[in-house]
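Structure first, then comments.
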Amino acid sequence: MALRAVIVLLMLSPCFGCATVKPWDRGMLAKPKMAVGSDPLASQLEQHVYQYREGAVGGYGSVGGGCGCN
Amino acid sequence: MARRDRTVAIGLPVAALTAFAACFLASAVASAQDQPLVAVDARTSLYEDTDATTISTTIVAAQASPIEEVTVSGHYLADIITTASVDVVSAATRGWEETRHEAAAGAAFQDGTVGVSGGYVYSVENDWSSHTVSLAGSRDFVEHTLTFGLNGSFTANAVGRRDDPTFDESLYQGSGGLDAAFVLTKRDLLAASYTLIVLTGYQSSPYRFVYFQDPNLPEYQLSAPEVVPNLRVRHALGVRYNHHMFRDTALRLHLRGYLDDWGILSGTTGAELVVGFGVLETGVFVRGYVQKAASFYQDGYDARYVNMTADRELSSFIDAFGGARVAVHSGALSVFEDLRAELKATGFAFKFFDFERLPSRQGIVAELAVGASL
């Protein structure tokens, strides 16, 4: 239980030390090149190359937002 | 039921589903006349390596938003593989060529705070077919500063063997993921993802043979079909960090750790610098990977073991990828909201530490993409 609490706190820790970025301050974050997983087609072909040649897979998730601008 | 018959049997509902998806997409496009939210993209790549393998992959994808919150999408992908790799040669067969077809359809809802999506993928080749269903959901918190997501998928695979209608195996895969994305500052984004994958069923290659020695017959080198465990539990944890540097320039970094109950432990890291010059966008990228072998992997076995593999992807190795890309976006032009094209070139090298038949492998991947939004 304590371990879970620590993990949750670690995951949330980036939000504690900084103020919420207001919508009007998100211009740079809204650019396509700043999006996480900005080109799904390119990512799909790229991961296709790796997953058949390496023993690892996963870890790149499906959340594409995070900036409230998608 | 023989595998070939089963493939035909599952092909019919897939064709019906694909037709349904096409009709759904067409009606969505028709009803979206007031909203310029239709996009069609195509991307083709050519892979070639020093292990006598060439792969041509082409994907065509379309998506439409009949209403602001809903997107429907679909794609078709074809992989044409020509190979005479050491795997093929050591199985005492000639080189071969085969084509894999993949069709997918999906729908997503996003209201600005909550996102839900679902999809279906069907893939078929001469000795393999699979069905995958997936679901994902996400929600933004704290004025869109945090996004948490959950996703899951299930895949049923039917595994066959070329020219052997009696060979009929199954492989099932379930996966689940947790995602979190954070807005750190007005220039910085951080995303973390954990993926759990459980596979059960036939996971060997039906064409791969393993060489071993029998202590009672030391003068002979014997061979047997590869055998790996039926169960595999895989864990991956990845972190991505994007930083807006200056003007139209972004630095994108990623780091991933992976382990599974076959004993594989690996790390991946990479970086991409993306620079915009008006309608042009350029990027340079590097990626590195290091892997420790599966616990039962050996390049040669001194006796017959329960699990034996000759799969170099389960051995210890390192690899590095690097390349560059250039893309152009027209912006609004005539009836188009955007026209785009991209060229990308990647070079790579592998160094295998315990695979005598192929100590290293180098290659290139060239890609061309075009797309349009209405």
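Chain lettering (A, B, ...) mirrors the order of the structure tokens, residue numbering begins at 1 for each chain separately, and ligand numbering begins at 1 in order of display.
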I want to know what sits within 8 Å of range 52-57 of chain B, based on only C-alpha atoms, with residues of the same chain fewer than 3 positions away left out; could you give that as a ChimeraX atom specification?
/A:45 /B:44-49,77-85
Please tabulate, as a tab-separated table, the residues of chain B that come within 7 Å of chain A, each with its closest pair of atoms and the distance in Å to one decimal, counting only C-alpha atoms and ordering rows by chain, then residue number upward.
residue	atom	partner	partner_atom	distance
B:Gly112	CA	A:Gly68	CA	6.9
B:His144	CA	A:Gly68	CA	4.8
B:Thr145	CA	A:Gly66	CA	6.2
B:Leu146	CA	A:Gly66	CA	5.7
B:Thr147	CA	A:Gly66	CA	5.1
B:Gly149	CA	A:Val63	CA	6.1
B:Gly177	CA	A:Gly61	CA	6.7
B:Asp179	CA	A:Gly61	CA	5.8
B:Ala181	CA	A:Gly66	CA	4.9
B:Phe182	CA	A:Gly66	CA	5.6
B:Val183	CA	A:Cys67	CA	5.9
B:Leu184	CA	A:Pro14	CA	6.4
B:Thr185	CA	A:Val21	CA	6.2
B:Lys186	CA	A:Arg26	CA	5.6
B:Arg187	CA	A:Leu29	CA	6.3
B:Ser193	CA	A:Gly61	CA	5.0
B:Tyr194	CA	A:Gly59	CA	5.3
B:Thr195	CA	A:Gly59	CA	5.3
B:Ala236	CA	A:Gly59	CA	4.6
B:Leu237	CA	A:Gly59	CA	4.7
B:Gly238	CA	A:Gly59	CA	4.4
B:Asn242	CA	A:Met34	CA	6.1
B:His244	CA	A:Met28	CA	6.6
B:Ala250	CA	A:Met34	CA	6.6
B:Arg256	CA	A:Gly59	CA	6.6
B:Tyr258	CA	A:Ala56	CA	6.2
B:Ser266	CA	A:Ala56	CA	6.9
B:Glu313	CA	A:Glu54	CA	5.3
B:Leu314	CA	A:Gly55	CA	5.9
Residue contacts of Leu171 in chain B (8 Å, only C-alpha atoms) excluding same-chain residues fewer than 3 positions away, as a PyMOL selection string
chain B and resi 156-159+199-203
Atomic distance CA of Arg162 in chain B - CA of Asn126 in chain B, expressed in Å with one decimal:
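It comes out at 7.0 Å.
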If I take CA of Ala39 in chain B and CA of Ser373 in chain B, how far is one from the other in Å, to one decimal?
4.2 Å
Distance in Å - CA of Val114 in chain B versus CA of Gly137 in chain B
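Those two atoms sit 7.5 Å apart.
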Could you name the residues that touch Val286 in chain B at 7 Å or less, counting only C-alpha atoms, but leaving out those on the same chain fewer than 2 positions away, as a ChimeraX atom specification?
/B:270-272,288,321-323
Write out as a PyMOL selection string all residues of range 69-219 of chain B that backbone DSSP assigns to alpha helix (DSSP H).
chain B and resi 86-90
Save the residues we just selected, N, CA, C and O atoms, as a PDB file, in the first residue's frame?
ATOM      1  N   VAL B  86      19.455 -15.655 -42.835  1.00  0.00           N
ATOM      2  CA  VAL B  86      20.113 -16.837 -42.248  1.00  0.00           C
ATOM      3  C   VAL B  86      19.080 -17.763 -41.613  1.00  0.00           C
ATOM      4  O   VAL B  86      19.260 -18.977 -41.580  1.00  0.00           O
ATOM      5  N   ASP B  87      17.968 -17.234 -41.134  1.00  0.00           N
ATOM      6  CA  ASP B  87      16.879 -18.057 -40.601  1.00  0.00           C
ATOM      7  C   ASP B  87      16.353 -18.994 -41.676  1.00  0.00           C
ATOM      8  O   ASP B  87      16.162 -20.181 -41.457  1.00  0.00           O
ATOM      9  N   VAL B  88      16.110 -18.414 -42.851  1.00  0.00           N
ATOM     10  CA  VAL B  88      15.543 -19.184 -43.962  1.00  0.00           C
ATOM     11  C   VAL B  88      16.549 -20.200 -44.460  1.00  0.00           C
ATOM     12  O   VAL B  88      16.240 -21.380 -44.652  1.00  0.00           O
ATOM     13  N   VAL B  89      17.779 -19.758 -44.630  1.00  0.00           N
ATOM     14  CA  VAL B  89      18.817 -20.639 -45.163  1.00  0.00           C
ATOM     15  C   VAL B  89      19.089 -21.798 -44.200  1.00  0.00           C
ATOM     16  O   VAL B  89      19.204 -22.954 -44.607  1.00  0.00           O
ATOM     17  N   SER B  90      19.125 -21.512 -42.887  1.00  0.00           N
ATOM     18  CA  SER B  90      19.420 -22.564 -41.914  1.00  0.00           C
ATOM     19  C   SER B  90      18.255 -23.547 -41.782  1.00  0.00           C
ATOM     20  O   SER B  90      18.414 -24.638 -41.281  1.00  0.00           O
TER      21      SER B  90
END
Which of range 205-352 of chain B counts as strand (DSSP E) under DSSP, as a PyMOL selection string please?
chain B and resi 209-214+217-225+231-246+249-260+265-277+280-292+317-329+338-352
